[in-house]
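Asker: Below is the file work-v6.txt, which contains compact mmCIF, C-alpha atoms.
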# COMPACT_ATOMS: atom_id res chain seq x y z
CA MET A 1 -6.59 -14.17 -46.52
CA SER A 2 -3.90 -16.42 -45.08
CA ASP A 3 -3.19 -16.62 -41.38
CA SER A 4 0.24 -15.10 -41.96
CA ALA A 5 -1.41 -11.79 -42.88
CA TYR A 6 -2.28 -11.24 -39.23
CA ARG A 7 0.92 -12.55 -37.68
CA VAL A 8 3.28 -10.24 -35.81
CA GLU A 9 6.92 -11.22 -35.47
CA THR A 10 8.66 -10.18 -32.28
CA THR A 11 11.96 -9.91 -30.50
CA PRO A 12 12.09 -9.09 -26.77
CA ARG A 13 11.57 -5.37 -27.54
CA LEU A 14 10.31 -5.17 -31.13
CA ALA A 15 6.97 -6.02 -32.71
CA GLN A 16 6.82 -6.08 -36.53
CA TRP A 17 3.78 -6.53 -38.75
CA ARG A 18 4.14 -6.91 -42.51
CA ILE A 19 1.18 -5.63 -44.51
CA GLU A 20 0.99 -7.16 -47.99
CA ASN A 21 -1.90 -5.17 -49.44
CA LEU A 22 -3.87 -2.61 -47.50
CA ALA A 23 -6.00 -1.67 -50.51
CA SER A 24 -8.13 -4.78 -50.11
CA CYS A 25 -9.48 -3.76 -46.71
CA THR A 26 -10.22 -0.74 -44.55
CA TYR A 27 -9.55 -2.37 -41.18
CA ARG A 28 -7.33 -5.15 -39.99
CA LYS A 29 -6.25 -6.42 -36.60
CA SER A 30 -3.29 -8.66 -36.01
CA ASP A 31 -2.96 -11.78 -33.95
CA PRO A 32 -1.73 -11.37 -30.37
CA PHE A 33 2.00 -11.07 -29.89
CA LYS A 34 4.31 -11.10 -26.90
CA ILE A 35 6.79 -8.48 -25.83
CA GLY A 36 9.35 -9.16 -23.14
CA LYS A 37 10.87 -12.26 -21.65
CA GLN A 38 8.63 -15.13 -20.78
CA ASN A 39 8.26 -16.98 -17.49
CA ILE A 40 9.95 -14.40 -15.29
CA THR A 41 8.70 -13.77 -11.80
CA ALA A 42 8.58 -10.02 -12.32
CA GLY A 43 5.98 -10.35 -15.05
CA ASN A 44 5.51 -10.69 -18.78
CA ARG A 45 3.76 -8.58 -21.39
CA THR A 46 2.00 -9.77 -24.54
CA LEU A 47 1.16 -7.35 -27.34
CA THR A 48 -1.16 -7.70 -30.30
CA SER A 49 -1.07 -5.68 -33.49
CA GLY A 50 -3.17 -4.66 -36.47
CA VAL A 51 -2.66 -2.77 -39.73
CA LEU A 52 -3.58 0.71 -38.60
CA LEU A 53 -4.66 -0.05 -35.09
CA PHE A 54 -2.13 -1.12 -32.50
CA ASP A 55 -4.07 -2.78 -29.72
CA GLN A 56 -2.51 -3.91 -26.48
CA ARG A 57 -5.18 -6.20 -25.14
CA ASP A 58 -5.24 -8.26 -21.95
CA TYR A 59 -3.12 -9.25 -19.04
CA ILE A 60 -2.72 -12.98 -18.75
CA THR A 61 -1.84 -13.84 -15.18
CA PRO A 62 -0.15 -17.19 -14.66
CA HIS A 63 1.16 -18.09 -11.25
CA VAL A 64 4.65 -16.95 -12.20
CA GLY A 65 3.72 -13.38 -13.05
CA LYS A 66 1.75 -11.12 -15.36
CA PHE A 67 1.44 -10.92 -19.13
CA VAL A 68 0.17 -8.05 -21.20
CA VAL A 69 -1.65 -9.13 -24.34
CA LYS A 70 -1.67 -6.65 -27.20
CA HIS A 71 -3.02 -6.45 -30.73
CA LEU A 72 -2.20 -4.43 -33.81
CA SER A 73 -4.86 -3.34 -36.25
CA VAL A 74 -5.09 -1.06 -39.24
CA GLU A 75 -7.86 1.18 -40.53
CA LYS A 76 -7.89 2.88 -43.91
CA ASN A 77 -10.17 5.79 -44.78
CA ARG A 78 -7.98 8.28 -46.64
CA VAL A 79 -6.08 8.67 -43.37
CA LEU A 80 -4.24 5.69 -41.95
CA PHE A 81 -4.60 5.19 -38.18
CA VAL A 82 -2.24 3.18 -36.01
CA LYS A 83 -3.46 2.44 -32.50
CA LEU A 84 -1.96 0.60 -29.56
CA PHE A 85 -4.09 -0.45 -26.60
CA PRO A 86 -4.58 -3.25 -24.06
CA GLU A 87 -7.22 -5.90 -24.24
CA ILE A 88 -10.00 -5.08 -21.83
CA SER A 89 -10.02 -7.04 -18.58
CA ASN A 90 -10.44 -6.32 -14.90
CA LEU A 91 -6.68 -6.42 -14.50
CA THR A 92 -5.93 -3.93 -17.28
CA ARG A 93 -8.61 -1.60 -15.98
CA ASP A 94 -7.03 -1.60 -12.53
CA ASN A 95 -3.38 -1.84 -13.62
CA PRO A 96 -2.97 -0.67 -17.22
CA PRO A 97 0.44 -1.07 -18.85
CA ILE A 98 2.68 1.99 -19.11
CA ALA A 99 4.66 1.95 -22.34
CA SER A 100 7.48 3.96 -23.89
CA PHE A 101 7.89 3.22 -27.58
CA ILE A 102 8.64 4.41 -31.12
CA VAL A 103 6.36 3.50 -34.04
CA ARG A 104 7.64 3.36 -37.62
CA VAL A 105 5.87 2.67 -40.88
CA VAL A 106 8.34 1.53 -43.55
CA SER A 107 7.66 0.94 -47.22
CA SER A 108 9.00 -2.52 -48.01
CA VAL A 109 9.52 -1.81 -51.69
CA GLY A 110 11.75 0.57 -53.58
CA GLU A 111 13.77 2.94 -51.42
CA ARG A 112 12.13 1.74 -48.17
CA LYS A 113 10.96 5.16 -47.11
CA ALA A 114 10.06 5.37 -43.42
CA LEU A 115 7.66 7.47 -41.37
CA THR A 116 8.55 7.68 -37.68
CA HIS A 117 6.30 8.83 -34.88
CA PRO A 118 8.10 10.84 -32.17
CA GLU A 119 9.03 8.82 -29.10
CA ILE A 120 6.13 8.14 -26.74
CA LYS A 121 7.20 8.27 -23.10
CA ASP A 122 5.43 6.49 -20.21
CA LYS A 123 2.06 6.34 -21.94
CA VAL A 124 -0.71 4.71 -19.93
CA LEU A 125 -2.60 2.44 -22.31
CA LYS A 126 -6.16 1.77 -21.17
CA ASN A 127 -8.19 1.65 -24.37
CA ASN A 128 -7.98 1.97 -28.14
CA GLU A 129 -8.01 5.77 -28.03
CA ASP A 130 -4.98 6.24 -25.76
CA PHE A 131 -2.51 6.06 -28.63
CA VAL A 132 -3.65 6.99 -32.12
CA TRP A 133 -1.27 7.93 -34.94
CA ALA A 134 -3.02 9.44 -37.95
CA ILE A 135 -0.90 9.09 -41.11
CA GLU A 136 -2.05 11.34 -43.94
CA VAL A 137 0.74 10.35 -46.33
CA PRO A 138 -0.65 7.84 -48.88
CA LEU A 139 0.63 4.31 -48.40
CA THR A 140 0.40 1.76 -51.18
CA GLY A 141 1.73 -1.70 -51.78
CA LYS A 142 3.66 -3.55 -49.12
CA PHE A 143 4.80 -1.89 -45.94
CA ILE A 144 5.93 -2.74 -42.44
CA ILE A 145 4.76 -1.45 -39.08
CA ASP A 146 7.44 -1.53 -36.37
CA VAL A 147 6.85 -0.85 -32.71
CA GLU A 148 10.09 -0.61 -30.76
CA PHE A 149 9.45 -0.75 -27.03
CA LEU A 150 11.90 1.35 -25.08
CA ASP A 151 10.26 0.42 -21.81
CA LEU A 152 7.15 -1.37 -20.58
CA LYS A 153 5.98 -0.99 -17.01
CA THR A 154 3.32 -2.51 -14.87
CA ALA A 155 1.81 -1.18 -11.68
CA SER A 156 2.99 -2.85 -8.52
CA PRO A 157 0.37 -5.22 -7.01
CA ASN A 158 1.16 -3.68 -3.62
CA GLY A 159 0.47 -0.15 -4.79
CA GLY A 160 4.10 0.91 -5.16
CA GLU A 161 5.84 2.60 -8.05
CA PRO A 162 5.37 1.02 -11.51
CA CYS A 163 8.15 -1.42 -12.41
CA SER A 164 9.74 -2.00 -15.79
CA ILE A 165 9.65 -5.57 -17.03
CA TRP A 166 13.23 -5.06 -18.22
CA ALA A 167 14.46 -3.05 -15.28
CA GLU A 168 17.54 -4.13 -13.42
CA GLY A 169 15.29 -4.07 -10.39
CA PHE A 170 13.56 -7.26 -11.50
CA THR A 171 16.71 -9.28 -10.98
CA GLN A 172 17.13 -7.54 -7.66
CA GLN A 173 13.49 -8.19 -6.75
CA ARG A 174 13.85 -11.88 -7.51
CA SER A 175 17.07 -12.00 -5.49
CA ASN A 176 15.39 -10.17 -2.61
CA ALA A 177 12.41 -12.51 -2.68
CA THR A 178 14.71 -15.54 -2.52
CA ALA A 179 16.72 -13.99 0.30
CA ILE A 180 13.58 -13.26 2.33
CA GLU A 181 12.32 -16.78 1.74
CA SER A 182 15.65 -18.19 2.95
CA LEU A 183 15.67 -15.86 5.94
CA GLY A 184 12.18 -17.03 6.83
CA ARG A 185 13.28 -20.66 6.68
CA MET A 186 16.13 -19.86 9.05
CA LEU A 187 13.51 -18.79 11.60
CA THR A 188 10.78 -21.34 10.99
CA GLU A 189 13.18 -24.30 10.74
CA GLY A 190 15.51 -23.08 13.48
CA ILE A 191 18.58 -23.14 11.22
CA HIS A 192 21.69 -22.29 13.28
CA THR A 193 19.84 -20.18 15.85
CA ASP A 194 22.16 -18.61 18.43
CA ILE A 195 19.84 -16.71 20.77
CA THR A 196 16.76 -17.78 22.75
CA ILE A 197 13.88 -15.41 23.34
CA ASN A 198 11.85 -16.11 26.46
CA ALA A 199 8.28 -14.85 26.13
CA SER A 200 5.72 -14.92 28.94
CA ASP A 201 4.55 -18.42 28.07
CA GLY A 202 7.31 -20.06 26.05
CA SER A 203 10.58 -19.69 24.16
CA ILE A 204 11.67 -19.37 20.55
CA GLY A 205 15.05 -19.42 18.83
CA ALA A 206 16.37 -16.56 16.71
CA HIS A 207 19.59 -15.13 15.28
CA ARG A 208 21.64 -12.34 16.85
CA ALA A 209 22.73 -10.94 13.50
CA VAL A 210 19.15 -10.54 12.26
CA LEU A 211 17.94 -8.96 15.50
CA ALA A 212 20.93 -6.61 15.64
CA ALA A 213 20.42 -5.55 12.03
CA ARG A 214 16.75 -4.74 12.65
CA SER A 215 16.95 -3.03 16.04
CA PRO A 216 19.55 -0.68 17.55
CA VAL A 217 18.40 -1.84 20.98
CA PHE A 218 19.22 -5.46 20.20
CA ARG A 219 22.48 -4.41 18.60
CA SER A 220 23.46 -2.60 21.79
CA MET A 221 22.59 -5.67 23.87
CA PHE A 222 24.92 -7.87 21.85
CA SER A 223 27.70 -5.28 21.63
CA HIS A 224 28.18 -4.92 25.38
CA ASN A 225 28.75 -7.41 28.15
CA LEU A 226 25.12 -7.53 29.16
CA GLN A 227 23.16 -10.50 30.40
CA GLU A 228 21.65 -11.11 26.96
CA LYS A 229 25.13 -11.52 25.45
CA GLU A 230 26.51 -13.70 28.22
CA LEU A 231 23.52 -16.04 28.55
CA SER A 232 22.41 -15.96 24.89
CA THR A 233 18.87 -15.21 26.01
CA ILE A 234 16.51 -12.26 25.77
CA ASN A 235 13.61 -12.02 28.18
CA ILE A 236 10.49 -10.46 26.67
CA SER A 237 8.11 -11.26 29.48
CA ASP A 238 5.60 -8.60 28.41
CA MET A 239 4.74 -10.50 25.21
CA SER A 240 2.99 -13.82 24.75
CA LEU A 241 4.73 -16.49 22.71
CA GLU A 242 2.23 -15.98 19.89
CA ALA A 243 2.79 -12.21 19.82
CA CYS A 244 6.54 -12.73 20.05
CA GLN A 245 6.39 -15.10 17.08
CA ALA A 246 4.52 -12.42 15.11
CA PHE A 247 7.19 -9.90 16.13
CA LEU A 248 9.98 -12.15 14.86
CA ASN A 249 8.04 -12.97 11.70
CA TYR A 250 7.90 -9.24 10.98
CA LEU A 251 11.62 -8.79 11.61
CA TYR A 252 12.39 -11.71 9.27
CA GLY A 253 9.98 -10.41 6.60
CA ILE A 254 7.49 -13.31 6.65
CA ILE A 255 4.55 -11.99 8.68
CA LYS A 256 1.06 -12.63 7.30
CA HIS A 257 -1.53 -9.86 7.13
CA GLU A 258 -4.01 -11.51 9.49
CA GLU A 259 -1.24 -12.24 11.97
CA PHE A 260 -0.21 -8.60 11.84
CA LEU A 261 -3.77 -7.37 12.46
CA THR A 262 -4.25 -9.73 15.39
CA HIS A 263 -1.08 -8.61 17.19
CA ARG A 264 -0.61 -5.02 16.02
CA LEU A 265 -0.97 -3.47 19.49
CA ALA A 266 1.64 -5.86 20.88
CA LEU A 267 3.78 -5.15 17.82
CA LEU A 268 3.41 -1.41 18.40
CA HIS A 269 4.66 -1.88 21.96
CA ALA A 270 7.62 -3.94 20.70
CA ALA A 271 8.39 -1.38 17.99
CA ASP A 272 8.51 1.37 20.60
CA LYS A 273 10.53 -0.70 23.07
CA TYR A 274 13.13 -1.88 20.55
CA ASP A 275 13.18 1.26 18.36
CA ILE A 276 11.96 -0.28 15.11
CA SER A 277 10.58 2.69 13.22
CA ASP A 278 9.21 0.85 10.18
CA LEU A 279 7.15 -1.46 12.39
CA ARG A 280 5.91 1.52 14.39
CA ASP A 281 4.82 3.25 11.18
CA ALA A 282 3.10 0.11 9.91
CA CYS A 283 1.15 -0.25 13.15
CA HIS A 284 0.25 3.44 13.16
CA ASP A 285 -1.08 3.29 9.60
CA SER A 286 -3.05 0.14 10.31
CA LEU A 287 -4.66 1.47 13.50
CA LEU A 288 -5.90 4.50 11.55
CA GLU A 289 -7.89 2.33 9.18
CA ASP A 290 -10.58 0.80 11.39
CA ILE A 291 -11.46 3.19 14.23
CA ASP A 292 -14.95 2.51 15.60
CA THR A 293 -16.97 3.05 18.79
CA LYS A 294 -15.68 -0.19 20.29
CA ASN A 295 -11.99 0.66 20.04
CA VAL A 296 -11.76 4.45 19.77
CA LEU A 297 -11.01 5.14 23.45
CA ASP A 298 -8.35 2.43 23.64
CA ARG A 299 -6.84 3.70 20.38
CA LEU A 300 -6.86 7.23 21.76
CA GLN A 301 -4.97 6.22 24.90
CA ASN A 302 -2.47 4.13 22.94
CA ALA A 303 -1.95 7.03 20.56
CA SER A 304 -1.19 9.27 23.52
CA LEU A 305 1.09 6.68 25.12
CA TYR A 306 3.16 6.08 21.98
CA GLN A 307 2.91 9.68 20.71
CA LEU A 308 1.07 8.80 17.51
CA MET A 309 -0.26 12.25 16.72
CA LYS A 310 -2.19 11.37 13.57
CA LEU A 311 -3.99 8.51 15.30
CA LYS A 312 -4.73 10.66 18.35
CA MET A 313 -6.29 13.46 16.31
CA SER A 314 -8.29 10.97 14.23
CA CYS A 315 -9.75 9.44 17.40
CA ILE A 316 -10.58 12.84 18.89
CA ARG A 317 -12.27 13.98 15.67
CA TYR A 318 -14.21 10.72 15.52
CA LEU A 319 -15.48 11.30 19.05
CA VAL A 320 -16.25 15.01 18.83
CA LYS A 321 -16.78 16.06 15.23
CA PHE A 322 -18.68 12.91 14.27
CA GLY A 323 -20.64 12.85 17.53
CA LYS A 324 -19.62 9.30 18.50
CA ILE A 325 -18.97 10.49 22.05
CA PHE A 326 -22.75 10.43 22.60
CA GLU A 327 -22.97 6.77 21.56
CA ILE A 328 -20.52 5.53 24.20
CA ARG A 329 -21.60 7.49 27.29
CA ASP A 330 -20.69 4.81 29.84
CA ASP A 331 -17.28 4.13 28.32
CA PHE A 332 -16.51 7.82 27.99
CA ASN A 333 -17.56 8.38 31.60
CA THR A 334 -15.00 5.76 32.67
CA PHE A 335 -12.47 7.42 30.40
CA LEU A 336 -13.04 10.76 32.22
CA GLN A 337 -12.29 9.12 35.57
CA ASN A 338 -9.16 7.23 34.57
CA ALA A 339 -7.50 8.85 31.57
CA ASP A 340 -4.60 11.26 31.56
CA ARG A 341 -5.78 14.80 32.36
CA ASP A 342 -3.92 16.34 29.45
CA LEU A 343 -5.50 13.87 27.05
CA ILE A 344 -8.99 14.70 28.33
CA ALA A 345 -8.17 18.38 27.85
CA GLU A 346 -7.29 17.72 24.21
CA VAL A 347 -10.65 16.03 23.66
CA PHE A 348 -12.51 19.02 25.09
CA HIS A 349 -10.29 21.43 23.20
CA GLU A 350 -11.56 19.91 19.95
CA ALA A 351 -15.06 21.08 20.91
CA ASN A 352 -14.54 24.74 20.11
CA LEU A 353 -17.57 26.23 21.84
CA LEU A 354 -18.49 26.06 25.50
CA GLU A 355 -21.98 24.99 24.48
CA GLU A 356 -20.61 21.86 22.79
CA LYS A 357 -18.57 20.99 25.86
CA VAL A 358 -21.50 21.47 28.20
CA ASN A 359 -23.68 19.28 25.97
CA ILE A 360 -21.05 16.54 25.98
CA LEU A 361 -20.94 16.50 29.77
CA LEU A 362 -24.72 16.74 30.19
CA SER A 363 -25.20 13.86 27.74
CA LEU A 364 -23.37 11.52 30.11
CA HIS A 365 -26.21 11.80 32.64
CA THR A 366 -24.06 11.40 35.73
CA SER A 367 -24.07 13.44 38.90
CA THR A 368 -20.46 14.52 38.45
CA THR A 369 -20.73 15.59 34.82
CA VAL A 370 -23.94 17.51 35.47
CA LYS A 371 -22.23 19.43 38.30
CA VAL A 372 -19.23 20.16 36.09
CA ALA A 373 -21.50 21.36 33.28
CA GLN A 374 -23.39 23.63 35.64
CA TRP A 375 -20.14 25.04 37.01
CA MET A 376 -18.89 25.66 33.47
CA LYS A 377 -22.01 27.66 32.66
CA HIS A 378 -21.71 29.84 35.74
CA GLU A 379 -17.98 30.28 35.98
CA CYS A 380 -16.77 30.36 32.36
CA THR A 381 -17.33 32.35 29.22
CA TYR A 382 -17.22 30.87 25.73
CA GLN A 383 -13.43 30.71 26.03
CA LEU A 384 -13.21 27.75 28.37
CA ASP A 385 -9.98 26.97 30.19
CA GLU A 386 -9.70 23.19 29.87
CA ARG A 387 -7.18 22.77 32.67
CA GLU A 388 -9.43 24.66 35.10
CA THR A 389 -12.30 22.45 34.01
CA LEU A 390 -10.27 19.31 34.58
CA GLU A 391 -9.24 20.44 38.04
CA LYS A 392 -12.91 20.94 38.80
CA VAL A 393 -13.72 17.50 37.38
CA SER A 394 -11.04 15.98 39.57
CA LYS A 395 -12.30 17.69 42.73
CA ILE A 396 -15.92 16.78 42.09
CA SER A 397 -14.97 13.21 41.19
CA LYS A 398 -13.20 12.77 44.52
CA ALA A 399 -16.15 14.14 46.45
CA ASN A 400 -18.78 12.27 44.45
CA LYS A 401 -18.28 8.91 42.83
CA ILE A 402 -19.55 9.16 39.30
CA MET A 403 -22.79 7.27 39.02
CA SER A 404 -26.09 7.59 37.25
CA PRO A 405 -28.61 9.59 39.33
Is it possible to give me this structure as structure tokens?
Answerer:
Amino acid sequence: MSDSAYRVETTPRLAQWRIENLASCTYRKSDPFKIGKQNITAGNRTLTSGVLLFDQRDYITPHVGKFVVKHLSVEKNRVLFVKLFPEISNLTRDNPPIASFIVRVVSSVGERKALTHPEIKDKVLKNNEDFVWAIEVPLTGKFIIDVEFLDLKTASPNGGEPCSIWAEGFTQQRSNATAIESLGRMLTEGIHTDITINASDGSIGAHRAVLAARSPVFRSMFSHNLQEKELSTINISDMSLEACQAFLNYLYGIIKHEEFLTHRLALLHAADKYDISDLRDACHDSLLEDIDTKNVLDRLQNASLYQLMKLKMSCIRYLVKFGKIFEIRDDFNTFLQNADRDLIAEVFHEANLLEEKVNILLSLHTSTTVKVAQWMKHECTYQLDERETLEKVSKISKANKIMSP
């Protein structure tokens, strides 16, 4: 059989396979074919076809974007089956294409009778069983299989909503990417900077318009006759130059992940100080991801300071429900002496029974906590008043420095 028997002709949205004689075989798969524009940053899709099996096979990932490789194939066994599926790869398993399409089988002789499958909407194509069209009407002679793609989407690499390869958003995305790149160059190359930021150990240039657009606090500074407006300087003495650079990189949209992780506590402080809610949320989400015994008490106090309720409750649950409080006795003992009384009360409130609270205090093995635990047993019922307990802790702590017996 000639090579042309497997070839699929395409336009940007249409794949067409001409079958000369199905009677000579029971199964046929086409060559790969491409759907969508090529060499666009947003991504490309390649489809392959076959006589009664439409197979969408593989993502090819060049540096400019993604491609979806598909195949068409045909099976004949009294019933004709048309299937469409992606080529198997790690990428298609993780991010399968999502297609909307119409399939038609058209007799290419005589009156050109056509069979049309109802429109398929947002179909996730993972394997060769995801779309199967069984045609029971006998087909003889020459016929054509058309697949008209109404839409073809790919999952976002960042976990966002799937994006159409033809969507207007792709042009916008490319424009946005170029704008962010240019904005980043303005910062890194110091192009027409008009404000100087003085950190604790150095200075860096920036742009009033960018700062004002990102922060209502900065906008207020530049809108009134304040020192920052008159002198064209902003003093951020509570941040190092490195942390301040990370802060600006975030505002300009060019921060790297490792840089963000390194400076996220400083960035959280800056987000709170300059009222940048998206940065605050990003820091909050990140701090939730890697709580451990080394950082849980610091995270807890920062959560209380910046009113990050989800982080605070996660830290308290980690300490109490997961029993990590017993693994950091010395650190928790210091926490009891120095932390905010209301915050300590919240930790003990998470331990619902008096017995749990007594065990926590006894586990610390200090003279003060033992006395508090004994007092709790004698003076309280199972409904412990945390504030009364904390007052007792405070009084005993003043009379006896907490130390191991």
Asker: To one decimal place, how far is atom CA of A:Ile35 from atom CA of A:Arg13 in Å?
Answerer: 6.0 Å
Asker: Nearest to A:Met239: which of A:Lys29, A:Arg264, A:Lys321, A:Arg7 is it, counting all atoms listed in the file?
Answerer: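 Looking only at the distances to A:Met239, the closest residue turns out to be A:Arg264.
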Asker: Go through A:Asn302, A:Asn127, A:Thr154, A:Thr116 one by one, measure the shortest atom-to-atom distance of each to A:Ile98 using only C-alpha atoms, and give the residue with the smallest value.
Answerer: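 Using only C-alpha atoms, A:Ile98 sits closest to A:Thr154.
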Asker: Between A:Ile145, A:Met309, A:Leu300, A:Ala243, which has the minimum distance to A:Ile344 (counting all atoms listed in the file)?
Answerer: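 So, comparing all the options, the nearest one is A:Leu300.
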Asker: Any idea what the distance is between atom CA of A:Arg219 and atom CA of A:Asp275?
Answerer: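 Distance between the two atoms: 10.9 Å.
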Asker: May I ask for the distance between atom CA of A:His263 and atom CA of A:Ala282, given in Å to one decimal place?
Answerer: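 Distance reported for this atom pair: 12.1 Å.
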Asker: Env of A:Ala15: 7 Å cut, atoms = only C-alpha atoms, seq-sep filter 6 positions within chain, self excluded. Answer as a list in words.
Answerer: Val8, Glu9, Asp146, Val147 and Glu148 of chain A
Asker: Would you mind telling me which residue in A:Lys312, A:Arg112, A:Arg93, A:Lys229 lies nearest to A:Val296 when using all atoms listed in the file?
Answerer: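 Smallest distance to A:Val296 is found for A:Lys312.
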Asker: My structure is short of atoms at stretch 250-270 of chain A; please model N, CA and C atoms there, returning them as a tab-separated table (two decimals), in the coordinates of the input.
Answerer:
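Output contents, as saved in part_7.tsv:
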chain	number	residue	atom	x	y	z
A	250	TYR	N	7.77	-10.55	11.62
A	250	TYR	CA	7.90	-9.24	10.98
A	250	TYR	C	9.37	-8.91	10.74
A	251	LEU	N	10.20	-9.12	11.75
A	251	LEU	CA	11.62	-8.79	11.61
A	251	LEU	C	12.28	-9.60	10.50
A	252	TYR	N	11.81	-10.84	10.30
A	252	TYR	CA	12.39	-11.71	9.27
A	252	TYR	C	11.68	-11.56	7.92
A	253	GLY	N	10.65	-10.70	7.87
A	253	GLY	CA	9.98	-10.41	6.60
A	253	GLY	C	8.97	-11.44	6.15
A	254	ILE	N	8.41	-12.25	7.07
A	254	ILE	CA	7.49	-13.31	6.65
A	254	ILE	C	6.15	-13.23	7.37
A	255	ILE	N	5.81	-12.09	7.96
A	255	ILE	CA	4.55	-11.99	8.68
A	255	ILE	C	3.38	-11.97	7.71
A	256	LYS	N	2.29	-12.63	8.09
A	256	LYS	CA	1.06	-12.63	7.30
A	256	LYS	C	0.17	-11.48	7.75
A	257	HIS	N	-0.70	-11.03	6.84
A	257	HIS	CA	-1.53	-9.86	7.13
A	257	HIS	C	-2.44	-10.09	8.34
A	258	GLU	N	-3.10	-11.23	8.38
A	258	GLU	CA	-4.01	-11.51	9.49
A	258	GLU	C	-3.26	-11.59	10.81
A	259	GLU	N	-2.08	-12.16	10.77
A	259	GLU	CA	-1.24	-12.24	11.97
A	259	GLU	C	-0.86	-10.84	12.44
A	260	PHE	N	-0.55	-9.97	11.50
A	260	PHE	CA	-0.21	-8.60	11.84
A	260	PHE	C	-1.40	-7.89	12.49
A	261	LEU	N	-2.59	-8.03	11.91
A	261	LEU	CA	-3.77	-7.37	12.46
A	261	LEU	C	-4.08	-7.86	13.87
A	262	THR	N	-3.93	-9.15	14.08
A	262	THR	CA	-4.25	-9.73	15.39
A	262	THR	C	-3.33	-9.19	16.48
A	263	HIS	N	-2.07	-8.96	16.16
A	263	HIS	CA	-1.08	-8.61	17.19
A	263	HIS	C	-0.54	-7.19	17.05
A	264	ARG	N	-1.22	-6.32	16.33
A	264	ARG	CA	-0.61	-5.02	16.02
A	264	ARG	C	-0.38	-4.14	17.25
A	265	LEU	N	-1.22	-4.26	18.29
A	265	LEU	CA	-0.97	-3.47	19.49
A	265	LEU	C	0.28	-3.98	20.21
A	266	ALA	N	0.43	-5.30	20.29
A	266	ALA	CA	1.64	-5.86	20.88
A	266	ALA	C	2.86	-5.51	20.03
A	267	LEU	N	2.68	-5.51	18.72
A	267	LEU	CA	3.78	-5.15	17.82
A	267	LEU	C	4.14	-3.67	17.96
A	268	LEU	N	3.14	-2.83	18.18
A	268	LEU	CA	3.41	-1.41	18.40
A	268	LEU	C	4.24	-1.22	19.66
A	269	HIS	N	3.89	-1.95	20.71
A	269	HIS	CA	4.66	-1.88	21.96
A	269	HIS	C	6.10	-2.33	21.72
A	270	ALA	N	6.27	-3.43	20.98
A	270	ALA	CA	7.62	-3.94	20.70
A	270	ALA	C	8.40	-2.96	19.83
